[in-house]
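Novice: To be precise about what I am sending: the file is called input16.txt and holds compact mmCIF, C-alpha atoms.
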```txt
# COMPACT_ATOMS: atom_id res chain seq x y z
CA MET K 1 77.33 64.71 -9.50
CA THR K 2 75.01 61.87 -8.46
CA LEU K 3 76.22 58.35 -8.60
CA PRO K 4 73.83 55.65 -9.72
CA THR K 5 72.53 53.58 -6.82
CA GLU K 6 72.37 49.85 -6.83
CA PRO K 7 68.86 48.49 -7.29
CA GLU K 8 67.33 47.26 -4.07
CA ALA K 9 67.12 43.54 -3.72
CA PRO K 10 63.55 42.30 -3.75
CA ALA K 11 62.14 41.78 -0.29
CA THR K 12 62.31 38.19 0.84
CA PRO K 13 58.82 36.98 1.62
CA ALA K 14 58.32 36.11 5.25
CA ALA K 15 58.29 32.41 5.97
CA PRO K 16 54.81 31.15 6.76
CA ALA K 17 54.10 30.65 10.42
CA ALA K 18 54.66 27.13 11.68
CA LEU K 19 51.65 24.84 11.87
CA ILE K 20 50.93 23.75 15.44
CA VAL K 21 48.19 21.35 16.58
CA ARG K 22 47.42 21.32 20.27
CA PRO K 23 44.57 20.58 22.67
CA LEU K 24 42.07 23.39 23.03
CA ALA K 25 42.80 25.66 26.00
CA PRO K 26 40.03 27.65 27.69
CA SER K 27 41.60 30.83 26.29
CA ASP K 28 41.18 29.40 22.75
CA GLU K 29 37.41 28.85 22.96
CA ASP K 30 36.39 32.16 21.35
CA ALA K 31 38.78 31.55 18.46
CA TRP K 32 37.33 28.02 18.03
CA ARG K 33 33.78 29.44 17.96
CA ARG K 34 34.71 32.11 15.39
CA TYR K 35 36.41 29.54 13.17
CA VAL K 36 33.43 27.18 13.29
CA ASP K 37 30.96 30.04 12.75
CA GLU K 38 32.84 31.17 9.64
CA HIS K 39 33.75 27.80 8.07
CA ALA K 40 31.49 26.77 5.17
CA ASP K 41 31.61 23.06 6.09
CA ALA K 42 30.97 23.47 9.83
CA THR K 43 28.04 21.67 11.42
CA LEU K 44 26.31 21.78 14.78
CA PHE K 45 28.55 18.87 15.78
CA HIS K 46 31.69 21.07 15.57
CA THR K 47 30.40 23.46 18.22
CA LEU K 48 31.66 23.46 21.78
CA GLU K 49 28.05 23.56 22.91
CA TRP K 50 27.34 20.19 21.26
CA GLY K 51 30.33 18.73 23.06
CA THR K 52 29.04 20.08 26.37
CA ILE K 53 25.68 18.39 25.77
CA ILE K 54 27.38 15.05 25.07
CA GLU K 55 29.67 15.41 28.05
CA ARG K 56 26.86 16.27 30.48
CA THR K 57 24.41 13.71 29.12
CA PHE K 58 26.68 10.69 28.65
CA ALA K 59 29.74 11.59 30.75
CA HIS K 60 32.04 11.07 27.75
CA GLU K 61 35.39 12.86 27.87
CA HIS K 62 36.04 15.48 25.19
CA HIS K 63 39.36 16.15 23.49
CA TYR K 64 39.31 19.18 21.20
CA LEU K 65 42.22 19.54 18.77
CA VAL K 66 42.92 22.97 17.29
CA ALA K 67 45.43 23.84 14.58
CA TRP K 68 47.16 27.22 14.59
CA ARG K 69 49.31 29.13 12.12
CA GLY K 70 50.72 32.02 14.04
CA GLU K 71 47.83 33.74 15.80
CA SER K 72 45.14 32.26 13.54
CA VAL K 73 43.12 29.08 13.90
CA CYS K 74 43.39 27.12 10.65
CA GLY K 75 41.61 23.91 11.64
CA VAL K 76 39.65 22.14 14.35
CA LEU K 77 38.72 18.57 15.23
CA PRO K 78 36.37 17.73 18.11
CA MET K 79 37.05 14.22 19.46
CA THR K 80 35.20 12.31 22.17
CA LYS K 81 36.45 9.34 24.15
CA VAL K 82 33.66 6.77 24.35
CA SER K 83 34.16 3.89 26.77
CA SER K 84 31.83 0.91 26.49
CA VAL K 85 31.71 -2.45 28.21
CA PHE K 86 30.78 -3.97 24.85
CA PHE K 87 33.04 -2.09 22.44
CA GLY K 88 35.95 -0.94 24.60
CA THR K 89 37.41 2.54 24.26
CA THR K 90 37.00 4.44 21.01
CA LEU K 91 37.72 8.00 19.94
CA ILE K 92 34.93 9.46 17.79
CA SER K 93 34.61 12.91 16.24
CA SER K 94 30.87 13.19 16.85
CA PRO K 95 29.21 10.44 18.85
CA PHE K 96 25.43 10.62 18.65
CA GLY K 97 25.84 12.91 15.67
CA VAL K 98 26.43 12.42 12.00
CA TYR K 99 29.19 14.90 11.22
CA GLY K 100 31.84 16.80 13.07
CA GLY K 101 35.10 15.60 11.59
CA ILE K 102 38.07 17.65 10.43
CA LEU K 103 37.49 21.30 9.51
CA ALA K 104 40.64 22.71 7.94
CA ASP K 105 41.88 25.48 5.69
CA ASP K 106 43.90 23.06 3.56
CA VAL K 107 45.12 19.47 3.22
CA GLU K 108 48.30 20.13 5.23
CA VAL K 109 46.21 21.22 8.21
CA ALA K 110 43.78 18.30 7.73
CA SER K 111 46.70 15.88 7.70
CA ALA K 112 48.19 17.39 10.87
CA LEU K 113 44.82 17.11 12.65
CA ALA K 114 44.39 13.48 11.51
CA ASP K 115 47.90 12.67 12.80
CA ALA K 116 47.11 14.35 16.13
CA ALA K 117 43.87 12.33 16.39
CA ARG K 118 45.80 9.09 15.73
CA SER K 119 48.32 9.99 18.45
CA LEU K 120 45.52 10.88 20.84
CA GLY K 121 43.85 7.54 20.09
CA GLU K 122 47.06 5.69 20.90
CA ASN K 123 47.53 7.73 24.08
CA GLN K 124 43.94 6.99 25.17
CA LYS K 125 44.37 3.29 24.25
CA ALA K 126 41.43 3.51 21.85
CA LYS K 127 40.63 0.47 19.71
CA TYR K 128 40.03 2.84 16.81
CA VAL K 129 39.63 6.50 15.88
CA GLU K 130 36.53 7.43 13.89
CA MET K 131 36.14 10.76 12.11
CA ARG K 132 32.76 11.52 10.56
CA HIS K 133 32.86 13.99 7.68
CA LEU K 134 30.18 15.53 5.51
CA GLN K 135 32.87 16.86 3.17
CA ALA K 136 36.00 14.77 2.68
CA PRO K 137 39.05 16.61 4.07
CA GLY K 138 41.21 15.66 1.07
CA LEU K 139 43.04 12.81 2.80
CA GLU K 140 43.26 9.12 2.03
CA LEU K 141 41.54 7.82 5.15
CA PRO K 142 39.91 4.42 5.68
CA LYS K 143 36.19 4.50 4.86
CA ASN K 144 33.26 2.71 6.42
CA ASP K 145 29.86 2.40 4.76
CA LEU K 146 28.02 1.86 8.04
CA TYR K 147 26.28 5.24 7.77
CA CYS K 148 24.37 6.88 4.91
CA THR K 149 23.54 10.51 4.26
CA PHE K 150 20.17 11.79 3.14
CA ILE K 151 19.81 15.50 2.54
CA GLU K 152 16.36 17.01 2.12
CA ASP K 153 14.96 20.51 2.27
CA VAL K 154 12.77 21.03 5.33
CA PRO K 155 9.27 22.43 4.70
CA GLU K 156 8.61 25.89 6.05
CA ASP K 157 5.77 24.91 8.38
CA ALA K 158 4.90 22.12 10.81
CA GLU K 159 2.09 20.77 8.64
CA GLY K 160 4.50 20.44 5.71
CA CYS K 161 6.82 18.38 7.93
CA LEU K 162 3.98 16.16 9.09
CA ALA K 163 2.79 15.68 5.51
CA ARG K 164 6.13 14.02 4.67
CA LEU K 165 5.58 11.27 7.23
CA PRO K 166 3.79 8.05 6.32
CA ARG K 167 0.07 8.11 7.27
CA LYS K 168 0.39 5.86 10.36
CA ALA K 169 3.48 7.67 11.66
CA ARG K 170 1.74 11.02 11.13
CA ALA K 171 -1.26 9.78 13.17
CA GLU K 172 1.07 8.68 16.00
CA VAL K 173 2.80 12.07 16.05
CA ARG K 174 -0.54 13.90 16.16
CA LYS K 175 -1.77 11.59 18.95
CA THR K 176 1.39 12.26 20.98
CA LEU K 177 1.12 16.00 20.43
CA LYS K 178 -2.48 15.96 21.61
CA ASN K 179 -2.01 13.63 24.62
CA GLU K 180 1.28 14.98 25.91
CA GLY K 181 0.51 18.66 25.49
CA LEU K 182 3.45 19.10 23.11
CA ALA K 183 3.48 21.53 20.22
CA LEU K 184 5.34 21.90 16.94
CA GLU K 185 6.89 25.37 16.81
CA GLN K 186 8.74 27.26 14.17
```
For this file, write the structure as structure tokens.
Specialist:
Amino acid sequence: MTLPTEPEAPATPAAPAALIVRPLAPSDEDAWRRYVDEHADATLFHTLEWGTIIERTFAHEHHYLVAWRGESVCGVLPMTKVSSVFFGTTLISSPFGVYGGILADDVEVASALADAARSLGENQKAKYVEMRHLQAPGLELPKNDLYCTFIEDVPEDAEGCLARLPRKARAEVRKTLKNEGLALEQ
């Protein structure tokens, strides 16, 4: 005779991995690159290579913040410490660039990265922290209308690009190309 068995209790879903934001370690660089390469809102200004250019050209100190859930990157925020005799110390997500703010999987991650940037700004004694976003990260952050965005399709050839310039500017570009031995390439 077989006795009825008790129904199995439903499996308890595993708790989500804790969200951790930390400075980028050299061992994290490949994961950062993959995340940026795959994120729909990523720009050139999120790449480590852009940061290297800024660091080598202007000697500004980089601070990369990376958010992790378990073994997966779920957000990144490149920050640069800019020190100026005129403006003091600031922390900017993409100096000399237009975008490069928070990239995150969700608002919780975006909020954690923003909090980490604020803490970093305080630690670096920055007068302010500026994050430049093409797409809003879903947070209520202070806004500044100092910059404007213009998005335009780029023509497929060099002549199409030149044709979009005003006549006098186009003549100056052609003169420079001729005199300096420069070329427009595709």
Novice: Kindly give the distance, in Å, that separates atom CA of K:Phe87 and atom CA of K:Glu122, rounded to a single decimal.
Specialist: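 Going from atom CA of K:Phe87 over to atom CA of K:Glu122 covers 16.1 Å.
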Novice: Using only C-alpha atoms, what table do you get, as JSON lines, when you list each residue of stretch 83-119 of chain K with an atom no more than 9 Å from stretch 62-76 of chain K, its nearest pair of atoms, and their distance in Å rounded to one decimal, rows by chain then rising number?
Specialist:
```
{"residue": "K:Gly101", "atom": "CA", "partner": "K:Val76", "partner_atom": "CA", "distance": 8.4}
{"residue": "K:Ile102", "atom": "CA", "partner": "K:Val76", "partner_atom": "CA", "distance": 6.2}
{"residue": "K:Leu103", "atom": "CA", "partner": "K:Gly75", "partner_atom": "CA", "distance": 5.3}
{"residue": "K:Ala104", "atom": "CA", "partner": "K:Gly75", "partner_atom": "CA", "distance": 4.0}
{"residue": "K:Asp105", "atom": "CA", "partner": "K:Cys74", "partner_atom": "CA", "distance": 5.4}
{"residue": "K:Asp106", "atom": "CA", "partner": "K:Cys74", "partner_atom": "CA", "distance": 8.2}
{"residue": "K:Val109", "atom": "CA", "partner": "K:Gly75", "partner_atom": "CA", "distance": 6.3}
{"residue": "K:Ala110", "atom": "CA", "partner": "K:Gly75", "partner_atom": "CA", "distance": 7.2}
{"residue": "K:Ala112", "atom": "CA", "partner": "K:Ala67", "partner_atom": "CA", "distance": 7.9}
{"residue": "K:Leu113", "atom": "CA", "partner": "K:Ala67", "partner_atom": "CA", "distance": 7.0}
{"residue": "K:Ala116", "atom": "CA", "partner": "K:Leu65", "partner_atom": "CA", "distance": 7.6}
{"residue": "K:Ala117", "atom": "CA", "partner": "K:Leu65", "partner_atom": "CA", "distance": 7.8}
```
Novice: Using only C-alpha atoms and a cutoff of 9 Å, can you tell me which residues are near (31.7, 16.8, 5.5) in the file's coordinates, and write them out as a list in words?
Specialist: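 Residues satisfying the cut-off, written out: Asp41, Ala42, Thr43, Tyr99, Gly100, Gly101, Ile102, Leu103, Arg132, His133, Leu134, Gln135, Ala136 and Pro137 of chain K.
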Novice: Kindly indicate which residue among K:Glu49, K:Asp153, K:Asp115, K:Glu159 lies nearest to K:Leu141, using all atoms listed in the file for the distances.
Specialist: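 Smallest distance to K:Leu141 is found for K:Asp115.
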Novice: Can you tell me, as an NGL selection string, what residues are no more than 12 Å from K:Leu91 when counting only C-alpha atoms, ignoring any on the same chain fewer than 5 positions away?
Specialist: :K and (60-64 or 77-84 or 101 or 116-132)
Novice: Could you name the residues that touch K:Phe45 at 8 Å or less, counting only C-alpha atoms, but leaving out those on the same chain fewer than 4 positions away, as a PyMOL selection string?
Specialist: chain K and resi 50-51+94+97-100
Novice: Just how far from atom CA of K:Val21 is atom CA of K:Glu108, in Å to one decimal?
Specialist: 11.4 Å
Novice: Which is closer to K:Glu140 than all the others in K:Val154, K:Leu162, K:Val173, K:Ala114, using all atoms listed in the file?
Specialist: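 Of the candidates, the smallest distance to K:Glu140 is held by K:Ala114.
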Novice: Atom CA of K:Ile54 and atom CA of K:Pro26, how far apart in Å?
Specialist: 18.0 Å
Novice: In terms of the shortest atom-to-atom distance over only C-alpha atoms, which of K:Pro155, K:Ala59, K:Arg170, K:Leu19 is closest to K:Ser111?
Specialist: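 So, comparing all the options, the nearest one is K:Leu19.
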Novice: Which residues come within 8 Å of K:Leu48, counting all atoms listed in the file, excluding same-chain residues fewer than 3 positions away, as a list of chain:residue names?
Specialist: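 The contact residues come out as K:Glu29, K:Arg33, K:Gly51, K:Thr52.
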Novice: Would you mind completing stretch 51-62 of chain K so that it carries all heavy atoms, and writing it out as a PDB file, in the coordinates of the input?
Specialist:
```pdb
ATOM      1  N   GLY K  51      29.455  19.538  22.219  1.00  0.00           N
ATOM      2  CA  GLY K  51      30.330  18.730  23.060  1.00  0.00           C
ATOM      3  C   GLY K  51      29.917  18.776  24.522  1.00  0.00           C
ATOM      4  O   GLY K  51      29.953  17.760  25.223  1.00  0.00           O
ATOM      5  N   THR K  52      29.493  19.939  24.984  1.00  0.00           N
ATOM      6  CA  THR K  52      29.040  20.080  26.370  1.00  0.00           C
ATOM      7  C   THR K  52      27.791  19.227  26.611  1.00  0.00           C
ATOM      8  O   THR K  52      27.671  18.570  27.645  1.00  0.00           O
ATOM      9  CB  THR K  52      28.748  21.559  26.695  1.00  0.00           C
ATOM     10  OG1 THR K  52      29.955  22.307  26.529  1.00  0.00           O
ATOM     11  CG2 THR K  52      28.236  21.736  28.113  1.00  0.00           C
ATOM     12  N   ILE K  53      26.884  19.209  25.649  1.00  0.00           N
ATOM     13  CA  ILE K  53      25.680  18.390  25.770  1.00  0.00           C
ATOM     14  C   ILE K  53      26.058  16.909  25.898  1.00  0.00           C
ATOM     15  O   ILE K  53      25.556  16.196  26.769  1.00  0.00           O
ATOM     16  CB  ILE K  53      24.736  18.607  24.561  1.00  0.00           C
ATOM     17  CG1 ILE K  53      24.128  19.998  24.628  1.00  0.00           C
ATOM     18  CG2 ILE K  53      23.659  17.522  24.500  1.00  0.00           C
ATOM     19  CD1 ILE K  53      23.408  20.420  23.358  1.00  0.00           C
ATOM     20  N   ILE K  54      26.963  16.451  25.039  1.00  0.00           N
ATOM     21  CA  ILE K  54      27.380  15.050  25.070  1.00  0.00           C
ATOM     22  C   ILE K  54      28.083  14.729  26.386  1.00  0.00           C
ATOM     23  O   ILE K  54      27.841  13.688  27.005  1.00  0.00           O
ATOM     24  CB  ILE K  54      28.297  14.719  23.865  1.00  0.00           C
ATOM     25  CG1 ILE K  54      27.531  14.880  22.551  1.00  0.00           C
ATOM     26  CG2 ILE K  54      28.897  13.328  23.984  1.00  0.00           C
ATOM     27  CD1 ILE K  54      26.311  13.997  22.423  1.00  0.00           C
ATOM     28  N   GLU K  55      28.919  15.636  26.817  1.00  0.00           N
ATOM     29  CA  GLU K  55      29.670  15.410  28.050  1.00  0.00           C
ATOM     30  C   GLU K  55      28.734  15.331  29.262  1.00  0.00           C
ATOM     31  O   GLU K  55      28.849  14.431  30.089  1.00  0.00           O
ATOM     32  CB  GLU K  55      30.692  16.538  28.231  1.00  0.00           C
ATOM     33  CG  GLU K  55      31.848  16.201  29.107  1.00  0.00           C
ATOM     34  CD  GLU K  55      32.990  17.177  28.903  1.00  0.00           C
ATOM     35  OE1 GLU K  55      32.747  18.395  28.761  1.00  0.00           O
ATOM     36  OE2 GLU K  55      34.135  16.707  28.892  1.00  0.00           O
ATOM     37  N   ARG K  56      27.779  16.250  29.337  1.00  0.00           N
ATOM     38  CA  ARG K  56      26.860  16.270  30.480  1.00  0.00           C
ATOM     39  C   ARG K  56      25.853  15.121  30.435  1.00  0.00           C
ATOM     40  O   ARG K  56      25.466  14.595  31.477  1.00  0.00           O
ATOM     41  CB  ARG K  56      26.115  17.598  30.524  1.00  0.00           C
ATOM     42  CG  ARG K  56      26.992  18.746  30.953  1.00  0.00           C
ATOM     43  CD  ARG K  56      26.219  20.034  31.037  1.00  0.00           C
ATOM     44  NE  ARG K  56      27.110  21.118  31.404  1.00  0.00           N
ATOM     45  CZ  ARG K  56      26.771  22.393  31.320  1.00  0.00           C
ATOM     46  NH1 ARG K  56      25.583  22.739  30.890  1.00  0.00           N
ATOM     47  NH2 ARG K  56      27.636  23.323  31.663  1.00  0.00           N
ATOM     48  N   THR K  57      25.425  14.751  29.252  1.00  0.00           N
ATOM     49  CA  THR K  57      24.410  13.710  29.120  1.00  0.00           C
ATOM     50  C   THR K  57      24.977  12.310  29.290  1.00  0.00           C
ATOM     51  O   THR K  57      24.388  11.468  29.957  1.00  0.00           O
ATOM     52  CB  THR K  57      23.714  13.817  27.744  1.00  0.00           C
ATOM     53  OG1 THR K  57      23.185  15.144  27.593  1.00  0.00           O
ATOM     54  CG2 THR K  57      22.587  12.809  27.614  1.00  0.00           C
ATOM     55  N   PHE K  58      26.132  12.047  28.674  1.00  0.00           N
ATOM     56  CA  PHE K  58      26.680  10.690  28.650  1.00  0.00           C
ATOM     57  C   PHE K  58      27.980  10.529  29.431  1.00  0.00           C
ATOM     58  O   PHE K  58      28.520   9.429  29.488  1.00  0.00           O
ATOM     59  CB  PHE K  58      26.902  10.259  27.200  1.00  0.00           C
ATOM     60  CG  PHE K  58      25.640  10.256  26.391  1.00  0.00           C
ATOM     61  CD1 PHE K  58      25.367  11.294  25.506  1.00  0.00           C
ATOM     62  CD2 PHE K  58      24.710   9.230  26.518  1.00  0.00           C
ATOM     63  CE1 PHE K  58      24.203  11.303  24.761  1.00  0.00           C
ATOM     64  CE2 PHE K  58      23.547   9.230  25.775  1.00  0.00           C
ATOM     65  CZ  PHE K  58      23.288  10.272  24.898  1.00  0.00           C
ATOM     66  N   ALA K  59      28.488  11.612  29.989  1.00  0.00           N
ATOM     67  CA  ALA K  59      29.740  11.590  30.750  1.00  0.00           C
ATOM     68  C   ALA K  59      30.931  11.116  29.921  1.00  0.00           C
ATOM     69  O   ALA K  59      31.858  10.516  30.443  1.00  0.00           O
ATOM     70  CB  ALA K  59      29.597  10.753  32.023  1.00  0.00           C
ATOM     71  N   HIS K  60      30.904  11.389  28.611  1.00  0.00           N
ATOM     72  CA  HIS K  60      32.040  11.070  27.750  1.00  0.00           C
ATOM     73  C   HIS K  60      33.049  12.225  27.807  1.00  0.00           C
ATOM     74  O   HIS K  60      32.664  13.388  27.878  1.00  0.00           O
ATOM     75  CB  HIS K  60      31.599  10.847  26.303  1.00  0.00           C
ATOM     76  CG  HIS K  60      30.746   9.637  26.125  1.00  0.00           C
ATOM     77  ND1 HIS K  60      31.004   8.433  26.732  1.00  0.00           N
ATOM     78  CD2 HIS K  60      29.636   9.450  25.383  1.00  0.00           C
ATOM     79  CE1 HIS K  60      30.097   7.559  26.380  1.00  0.00           C
ATOM     80  NE2 HIS K  60      29.240   8.141  25.562  1.00  0.00           N
ATOM     81  N   GLU K  61      34.302  11.884  27.755  1.00  0.00           N
ATOM     82  CA  GLU K  61      35.390  12.860  27.870  1.00  0.00           C
ATOM     83  C   GLU K  61      35.712  13.461  26.499  1.00  0.00           C
ATOM     84  O   GLU K  61      35.957  12.739  25.539  1.00  0.00           O
ATOM     85  CB  GLU K  61      36.607  12.105  28.409  1.00  0.00           C
ATOM     86  CG  GLU K  61      37.796  12.929  28.729  1.00  0.00           C
ATOM     87  CD  GLU K  61      38.926  12.046  29.262  1.00  0.00           C
ATOM     88  OE1 GLU K  61      38.651  11.075  29.990  1.00  0.00           O
ATOM     89  OE2 GLU K  61      40.077  12.339  28.916  1.00  0.00           O
ATOM     90  N   HIS K  62      35.731  14.795  26.455  1.00  0.00           N
ATOM     91  CA  HIS K  62      36.040  15.480  25.190  1.00  0.00           C
ATOM     92  C   HIS K  62      37.511  15.811  25.072  1.00  0.00           C
ATOM     93  O   HIS K  62      38.169  16.135  26.060  1.00  0.00           O
ATOM     94  CB  HIS K  62      35.241  16.781  25.078  1.00  0.00           C
ATOM     95  CG  HIS K  62      34.023  16.621  24.248  1.00  0.00           C
ATOM     96  ND1 HIS K  62      34.058  16.372  22.915  1.00  0.00           N
ATOM     97  CD2 HIS K  62      32.728  16.640  24.583  1.00  0.00           C
ATOM     98  CE1 HIS K  62      32.836  16.264  22.450  1.00  0.00           C
ATOM     99  NE2 HIS K  62      32.005  16.412  23.456  1.00  0.00           N
TER     100      HIS K  62
END
```
